[in-house]
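**Student:** Take a look at this one; I'll ask things after.
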Amino acid sequence: MNLFAQSAHELLDQIRSRAISPEDIDDSVRGRIAAVDGRIKAYVRLRDREKNSASLQGNGSFKVPIAIKDNICVKGEETTCSSKILQGFKPPYSATVISKLQEKGAIVIGQTNMDEFAFGSSTENSAFGPSRNPWNTDCVPGGSSGGSAAAVAAHEAIWALGSDTGGSIRQPASFCGIVGLKPTYGRVSRYGLIAFASSLDQIGPLTKDVTDCALLLNLIAGHDEMDSTSANVAVPDYTQFLTNDVKGLKIGIPKEYFIEGLDAPVRQAVNEAVEEFKKAGATVKEVSLPHTEYAVATYYIVATAEASSNLARFDGIQYGLREQPKTVRKTPIIDLYEETRDRGFGWEAKRRIMLGTYSLSSGYYDAYYLRGQKVRTLIKQDFDEAFQEFDTVLTPTSPTTAFRIGEKAADPLSMYLSDIYTISANLAGIPAISIPCGFSRERLPIGLQLLAKPFAEDMLLRLAFAYEQRTPWHKESVPL
Ligand code: GLN
């Protein structure tokens with residue numbers, strides 16, 4: 001099999017036995033990018049091979065190419081959140097996850113396309129234009145980490161990092177037929193992740209299989225004094241939980257998730273997965289998460305409020321783009337702010353800045369933001385209660401398979417509603433994984449989501465691995 005088509009753990013075994021060299025893998029992946037990225041547009045930037053020479057020659061033991069979402073700072077490399085407003089911005093430091101990976105020898109091969117500032121579910125809101133789904137290039141790869149998911153699925157990277165604020169790792173993983181994990185809030189350092197909504201954002205792995213997911217989580221998890229919200233909780237070796245044993249584990253199926261709007265093929269694939277877990281010895285029972293119906297509204301209040309304050313820093317002075325109108329309108333400095341923000345931000349960013357500023361403004365704060373925070377607590381309590389009885393909650397990742405490019409672009413509300421199954425995990429701060437569980441008749445991948453209590457990534461990986469061992473989905477290859 002071509003090197004580019006293999007998983008990281010398979011390649012690392014061959015490096016260890018000296019059957020291949022890290023340079024062989026790098027050549028193979030770069031050749032693949034040259035062959036297919038014109039059709040997929042997963043990358044916004046490739047990194048020169050010379051810049052990786054320290055990693056290639058060092059004694060790290062994870063020398064495989066990794067793709068990085070364009071909102072995770074790589075020192076000295078342009079990092080733009082796929083926004084015009086950050087054009088030319090080269091961060092003076094690397095994100096903690098990048099330093100950790102590079103210490104272990106990882107090869108940062110390039111940065112991947114995303115919805116501008118991670119606002120979206122399709123990667124269509126990018127200043128660079130959309131990425132495409134490797135299973136059907138008329139369809140979106142999902143978003144906002146669509147470039148990372150497409151790169152892994154199309155074998156243009158061995159694995160990738162994304163970020164997830166309301167589903168941006170799990171939904172593209174599901175649309176592209178790969179594994180995506182959103183860790184517990186605080187499990188992975190956010191230092192150097194350009195903030196969207198600071199109380200929801202987490203960095204996590206996008207990989208070809210569950211073993212790679214465990215390995216990559218091992219590399220990036222852990223306490224970081226540079227991020228005051230990172231948790232001081234010991235990091236186990238996550239690969240030790242890949243035991244293929246789920247006997248006696250308790251799975252809850254939330255009745256609020258199996259509703260109208262859930263596509264029939266997705267429902268069927270998820271039901272079949274439930275049967276598979278039963279056969280493997282897990283017990284399955286219905287559970288109720290009564291506040292689910294408020295999740296989308298709550299998320300779009302909290303997330304836009306935080307986004308509007310985080311984006312205030314992009315003013316034309318400190319970072320990236322700087323635009324000065326030709327004639328004075330107010331004062332030179334106000335004009336510069338306004339012109340830069342008007343030209344630099346796309347429509348979705350502007351919409352979110354306005355929504356967030358509104359719900360934080362005096363007179364509306366109590367009615368929207370404060371109430372949103374209270375409902376957030378109720379959503380978290382639903383999960384706390386469920387995890388008293390259950391080891392995991394099992395749901396579809398998305399109500400549909402990948403939709404067509406342009407299908408929802410003109411209707412922000414229908415785009416927002418497609419996040420219905422993923423956003424609660426961010427509001428509650430709990431870990432959640434998406435794994436492939438089948439295909440639609442059009443051969444588009446379907447994803448299954450598992451959720452667990454805080455810091456129970458081990459439980460998610462254990463369940464996901466056992467399911468993967470029993471099913472063929474992760475082995476199917478893209479028609480490219
Ligand atoms: N699709 C959601 C949004 O548009 C989630 C995005 C994300 O997780 N970054 O906000």
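Chain identifiers are assigned as A, B, and so on, following the order in which chains appear in the structure tokens; residues are numbered from 1 within each chain, and ligands are numbered from 1 in order of appearance.
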Using only C-alpha atoms and all ligand atoms, what are the residues with an atom within 9 Å of ligand 1, set out as an MDAnalysis selection string?

**Tutor:** chainID A and resid 115 117:122 142:145 163:171 196:197 200:202 299:300 303:304 415:419 422:423 426

**Student:** For the residues selected in the previous step, produce a file with N, CA, C and O atoms as a short mmCIF file (atom, residue, chain, number, x, y, z; two decimals), in the first residue's frame.

**Tutor:**
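For reference, out-v2.cif as written:
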```cif
data_model
loop_
_atom_site.label_atom_id
_atom_site.label_comp_id
_atom_site.auth_asym_id
_atom_site.auth_seq_id
_atom_site.Cartn_x
_atom_site.Cartn_y
_atom_site.Cartn_z
N ASP A 115 -13.47 27.42 7.98
CA ASP A 115 -14.37 28.56 7.97
C ASP A 115 -13.68 29.70 8.70
O ASP A 115 -13.05 29.48 9.75
N PHE A 117 -12.27 32.15 11.05
CA PHE A 117 -12.32 32.16 12.52
C PHE A 117 -13.11 31.00 13.11
O PHE A 117 -13.62 31.07 14.22
N ALA A 118 -13.28 29.93 12.33
CA ALA A 118 -14.00 28.72 12.77
C ALA A 118 -15.51 28.94 12.87
O ALA A 118 -16.21 28.21 13.58
N PHE A 119 -16.02 29.94 12.16
CA PHE A 119 -17.45 30.23 12.15
C PHE A 119 -18.10 29.49 10.99
O PHE A 119 -18.16 30.00 9.88
N GLY A 120 -18.61 28.30 11.26
CA GLY A 120 -19.31 27.61 10.19
C GLY A 120 -19.24 26.11 10.30
O GLY A 120 -18.58 25.55 11.18
N SER A 121 -19.94 25.44 9.41
CA SER A 121 -20.05 23.98 9.42
C SER A 121 -19.78 23.40 8.04
O SER A 121 -20.18 22.28 7.75
N SER A 122 -19.11 24.17 7.16
CA SER A 122 -18.96 23.70 5.79
C SER A 122 -17.64 24.06 5.13
O SER A 122 -17.35 23.60 4.03
N GLY A 142 -17.62 19.50 5.50
CA GLY A 142 -17.99 19.87 6.86
C GLY A 142 -17.09 21.00 7.33
O GLY A 142 -16.22 21.47 6.60
N GLY A 143 -17.32 21.42 8.57
CA GLY A 143 -16.50 22.52 9.07
C GLY A 143 -16.71 22.72 10.56
O GLY A 143 -17.50 22.02 11.16
N SER A 144 -15.93 23.54 11.15
CA SER A 144 -15.03 24.44 10.45
C SER A 144 -13.66 23.83 10.13
O SER A 144 -12.92 24.40 9.33
N SER A 145 -13.32 22.66 10.73
CA SER A 145 -12.00 22.07 10.43
C SER A 145 -12.07 21.24 9.15
O SER A 145 -11.51 20.13 9.08
N SER A 163 -9.84 22.27 15.62
CA SER A 163 -10.37 22.83 16.86
C SER A 163 -11.88 22.69 16.81
O SER A 163 -12.47 22.63 15.73
N ASP A 164 -12.47 22.59 18.01
CA ASP A 164 -13.90 22.28 18.11
C ASP A 164 -14.52 23.20 19.16
O ASP A 164 -14.18 23.12 20.34
N THR A 165 -15.42 24.06 18.72
CA THR A 165 -16.10 25.01 19.59
C THR A 165 -17.57 24.62 19.73
O THR A 165 -18.21 24.86 20.75
N GLY A 166 -18.08 24.00 18.65
CA GLY A 166 -19.47 23.53 18.66
C GLY A 166 -19.64 22.31 17.78
O GLY A 166 -20.75 21.98 17.37
N GLY A 167 -18.52 21.67 17.43
CA GLY A 167 -18.61 20.47 16.58
C GLY A 167 -17.59 20.45 15.46
O GLY A 167 -17.57 19.51 14.65
N SER A 168 -16.73 21.44 15.42
CA SER A 168 -15.85 21.63 14.26
C SER A 168 -14.79 20.57 14.02
O SER A 168 -14.15 20.57 12.98
N ILE A 169 -14.59 19.65 14.97
CA ILE A 169 -13.75 18.48 14.70
C ILE A 169 -14.66 17.31 14.33
O ILE A 169 -14.44 16.61 13.34
N ARG A 170 -15.72 17.12 15.11
CA ARG A 170 -16.54 15.90 14.96
C ARG A 170 -17.38 15.90 13.70
O ARG A 170 -17.50 14.87 13.03
N GLN A 171 -17.98 17.04 13.36
CA GLN A 171 -18.85 17.06 12.18
C GLN A 171 -18.06 16.86 10.89
O GLN A 171 -18.44 16.02 10.06
N PHE A 196 -11.90 31.67 19.38
CA PHE A 196 -13.23 31.94 18.85
C PHE A 196 -14.12 32.20 20.07
O PHE A 196 -14.49 33.33 20.36
N ALA A 197 -14.44 31.17 20.84
CA ALA A 197 -15.21 31.32 22.07
C ALA A 197 -14.43 30.59 23.17
O ALA A 197 -14.43 29.37 23.25
N LEU A 200 -15.44 27.52 25.20
CA LEU A 200 -15.91 26.34 24.46
C LEU A 200 -14.81 25.68 23.63
O LEU A 200 -14.88 24.47 23.35
N ASP A 201 -13.81 26.45 23.21
CA ASP A 201 -12.79 25.96 22.27
C ASP A 201 -11.94 24.82 22.87
O ASP A 201 -11.51 24.91 24.01
N GLN A 202 -11.69 23.80 22.06
CA GLN A 202 -10.67 22.79 22.39
C GLN A 202 -10.00 22.34 21.09
O GLN A 202 -10.65 22.23 20.06
N TYR A 299 -26.08 27.99 22.57
CA TYR A 299 -24.75 28.04 21.96
C TYR A 299 -24.57 29.31 21.15
O TYR A 299 -23.54 29.98 21.25
N TYR A 300 -25.55 29.66 20.33
CA TYR A 300 -25.35 30.82 19.46
C TYR A 300 -25.42 32.15 20.22
O TYR A 300 -25.01 33.17 19.69
N ALA A 303 -21.58 31.62 22.23
CA ALA A 303 -20.44 31.60 21.30
C ALA A 303 -20.29 32.95 20.58
O ALA A 303 -19.16 33.43 20.41
N THR A 304 -21.39 33.56 20.17
CA THR A 304 -21.24 34.84 19.46
C THR A 304 -20.81 35.94 20.43
O THR A 304 -20.05 36.83 20.05
N MET A 415 -27.94 26.28 8.54
CA MET A 415 -26.56 25.87 8.84
C MET A 415 -26.39 25.72 10.36
O MET A 415 -25.83 24.74 10.83
N TYR A 416 -26.88 26.68 11.14
CA TYR A 416 -26.76 26.63 12.60
C TYR A 416 -27.46 25.38 13.15
O TYR A 416 -26.97 24.71 14.06
N LEU A 417 -28.64 25.08 12.58
CA LEU A 417 -29.42 23.95 13.10
C LEU A 417 -28.73 22.61 12.86
O LEU A 417 -28.96 21.64 13.57
N SER A 418 -27.86 22.56 11.85
CA SER A 418 -27.18 21.30 11.58
C SER A 418 -26.17 20.94 12.68
O SER A 418 -25.64 19.84 12.73
N ASP A 419 -25.91 21.87 13.60
CA ASP A 419 -24.98 21.60 14.72
C ASP A 419 -25.67 20.98 15.93
O ASP A 419 -25.05 20.81 16.98
N THR A 422 -23.87 18.29 18.14
CA THR A 422 -22.48 18.42 18.59
C THR A 422 -22.27 19.51 19.64
O THR A 422 -21.32 19.43 20.43
N ILE A 423 -23.12 20.54 19.67
CA ILE A 423 -22.81 21.70 20.50
C ILE A 423 -22.97 21.46 22.00
O ILE A 423 -22.29 22.10 22.79
N ASN A 426 -19.78 20.86 23.97
CA ASN A 426 -18.97 22.04 24.25
C ASN A 426 -19.57 22.85 25.39
O ASN A 426 -18.86 23.33 26.28
#
```

**Student:** What parts of segment 105-301 of chain A does DSSP call strand (DSSP E or B)? I'd like the answer as a ChimeraX atom specification.

**Tutor:** /A:107-112,133,136,139,159-164,179-182,188,193,202-207,221,250-254,283-287

**Student:** Show me a table, sorted first by chain and then by increasing residue number, of the residues of segment 132-187 of chain A having an atom at most 10 Å from segment 104-109 of chain A, each with its shortest atom pair and the distance in Å to one decimal, counting only C-alpha atoms and written as CSV.

**Tutor:**
```
residue,atom,partner,partner_atom,distance
A:Glu156,CA,A:Ile109,CA,9.6
A:Ala157,CA,A:Ile109,CA,7.8
A:Ile158,CA,A:Ile109,CA,9.9
A:Ala160,CA,A:Val108,CA,9.3
```

**Student:** Quick one: pull the distance between atom CA of Tyr337 of chain A and atom CA of Gln111 of chain A, Å, one decimal.

**Tutor:**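 Separating atom CA of Tyr337 of chain A from atom CA of Gln111 of chain A is a distance of 27.8 Å.
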
**Student:** To one decimal place in Å, what is the distance between atom CA of Tyr319 of chain A and atom CA of Gly88 of chain A?

**Tutor:**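 Computing the Euclidean distance for atom CA of Tyr319 of chain A and atom CA of Gly88 of chain A yields 8.3 Å.
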
**Student:** Counting only C-alpha atoms, what is within 7 Å of Cys176 of chain A, bar same-chain residues fewer than 4 positions away, as a PDB file with C-alpha atoms, in the first residue's frame?

**Tutor:**
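The result, written out as selection13.pdb:
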```pdb
ATOM      1  CA  ASN A 133     -15.281  16.457   0.299  1.00  0.00           C
ATOM      2  CA  PRO A 141     -16.181  18.404   3.842  1.00  0.00           C
ATOM      3  CA  ALA A 149     -10.674  16.421   7.778  1.00  0.00           C
ATOM      4  CA  ALA A 150     -10.453  16.465   3.982  1.00  0.00           C
ATOM      5  CA  ALA A 153      -9.544  11.472   4.333  1.00  0.00           C
ATOM      6  CA  PRO A 172     -16.151  17.238   9.461  1.00  0.00           C
ATOM      7  CA  PRO A 445     -19.871   8.624   5.125  1.00  0.00           C
TER       8      PRO A 445
END
```

**Student:** Applying 7 Å and only C-alpha atoms, which residues near Pro183 of chain A remain after dropping the ones on its own chain fewer than 2 positions away? List them as a list of chain:residue names.

**Tutor:**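 Returned residues: A:Leu181, A:Tyr185, A:Arg187, A:Gln202, A:Gly204, A:Pro431, A:Ala432, A:Glu457.
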
**Student:** Since we have the selection now, will you write its residues out, keeping N, CA and C atoms, as a PDB file, in the first residue's frame?

**Tutor:**
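Ended up saving to selection05.pdb:
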```
ATOM      1  N   LEU A 181     -11.900  13.709  17.604  1.00  0.00           N
ATOM      2  CA  LEU A 181     -12.154  13.774  19.050  1.00  0.00           C
ATOM      3  C   LEU A 181     -12.087  15.210  19.556  1.00  0.00           C
ATOM      4  N   TYR A 185     -12.957  20.022  28.065  1.00  0.00           N
ATOM      5  CA  TYR A 185     -12.444  21.388  28.180  1.00  0.00           C
ATOM      6  C   TYR A 185     -11.315  21.404  29.216  1.00  0.00           C
ATOM      7  N   ARG A 187      -8.400  19.724  28.815  1.00  0.00           N
ATOM      8  CA  ARG A 187      -7.521  18.552  28.627  1.00  0.00           C
ATOM      9  C   ARG A 187      -6.286  18.912  27.775  1.00  0.00           C
ATOM     10  N   GLN A 202     -11.689  23.801  22.065  1.00  0.00           N
ATOM     11  CA  GLN A 202     -10.671  22.791  22.393  1.00  0.00           C
ATOM     12  C   GLN A 202      -9.996  22.345  21.095  1.00  0.00           C
ATOM     13  N   GLY A 204      -8.129  19.270  19.047  1.00  0.00           N
ATOM     14  CA  GLY A 204      -8.176  17.811  19.126  1.00  0.00           C
ATOM     15  C   GLY A 204      -7.740  17.148  17.832  1.00  0.00           C
ATOM     16  N   PRO A 431     -15.983  15.412  26.925  1.00  0.00           N
ATOM     17  CA  PRO A 431     -15.336  14.902  25.715  1.00  0.00           C
ATOM     18  C   PRO A 431     -16.332  14.158  24.824  1.00  0.00           C
ATOM     19  N   ALA A 432     -16.072  14.180  23.519  1.00  0.00           N
ATOM     20  CA  ALA A 432     -16.946  13.490  22.564  1.00  0.00           C
ATOM     21  C   ALA A 432     -16.127  13.098  21.346  1.00  0.00           C
ATOM     22  N   GLU A 457     -11.905  10.429  28.350  1.00  0.00           N
ATOM     23  CA  GLU A 457     -11.481  10.119  26.988  1.00  0.00           C
ATOM     24  C   GLU A 457     -11.119   8.641  26.870  1.00  0.00           C
TER      25      GLU A 457
END
```

**Student:** Using only C-alpha atoms, can you tell me which of A:Asp212, A:Glu293, A:Glu385, A:Glu348 comes closest to Gly252 of chain A?

**Tutor:**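 With only C-alpha atoms as the atom set, the closest residue is A:Glu385.
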
**Student:** Let's see if you can do this: from backbone DSSP, list all alpha helix (DSSP H) residues in segment 51-193 of chain A, as a PyMOL selection string.

**Tutor:** chain A and resi 53-57+96-103+146-153+170-176
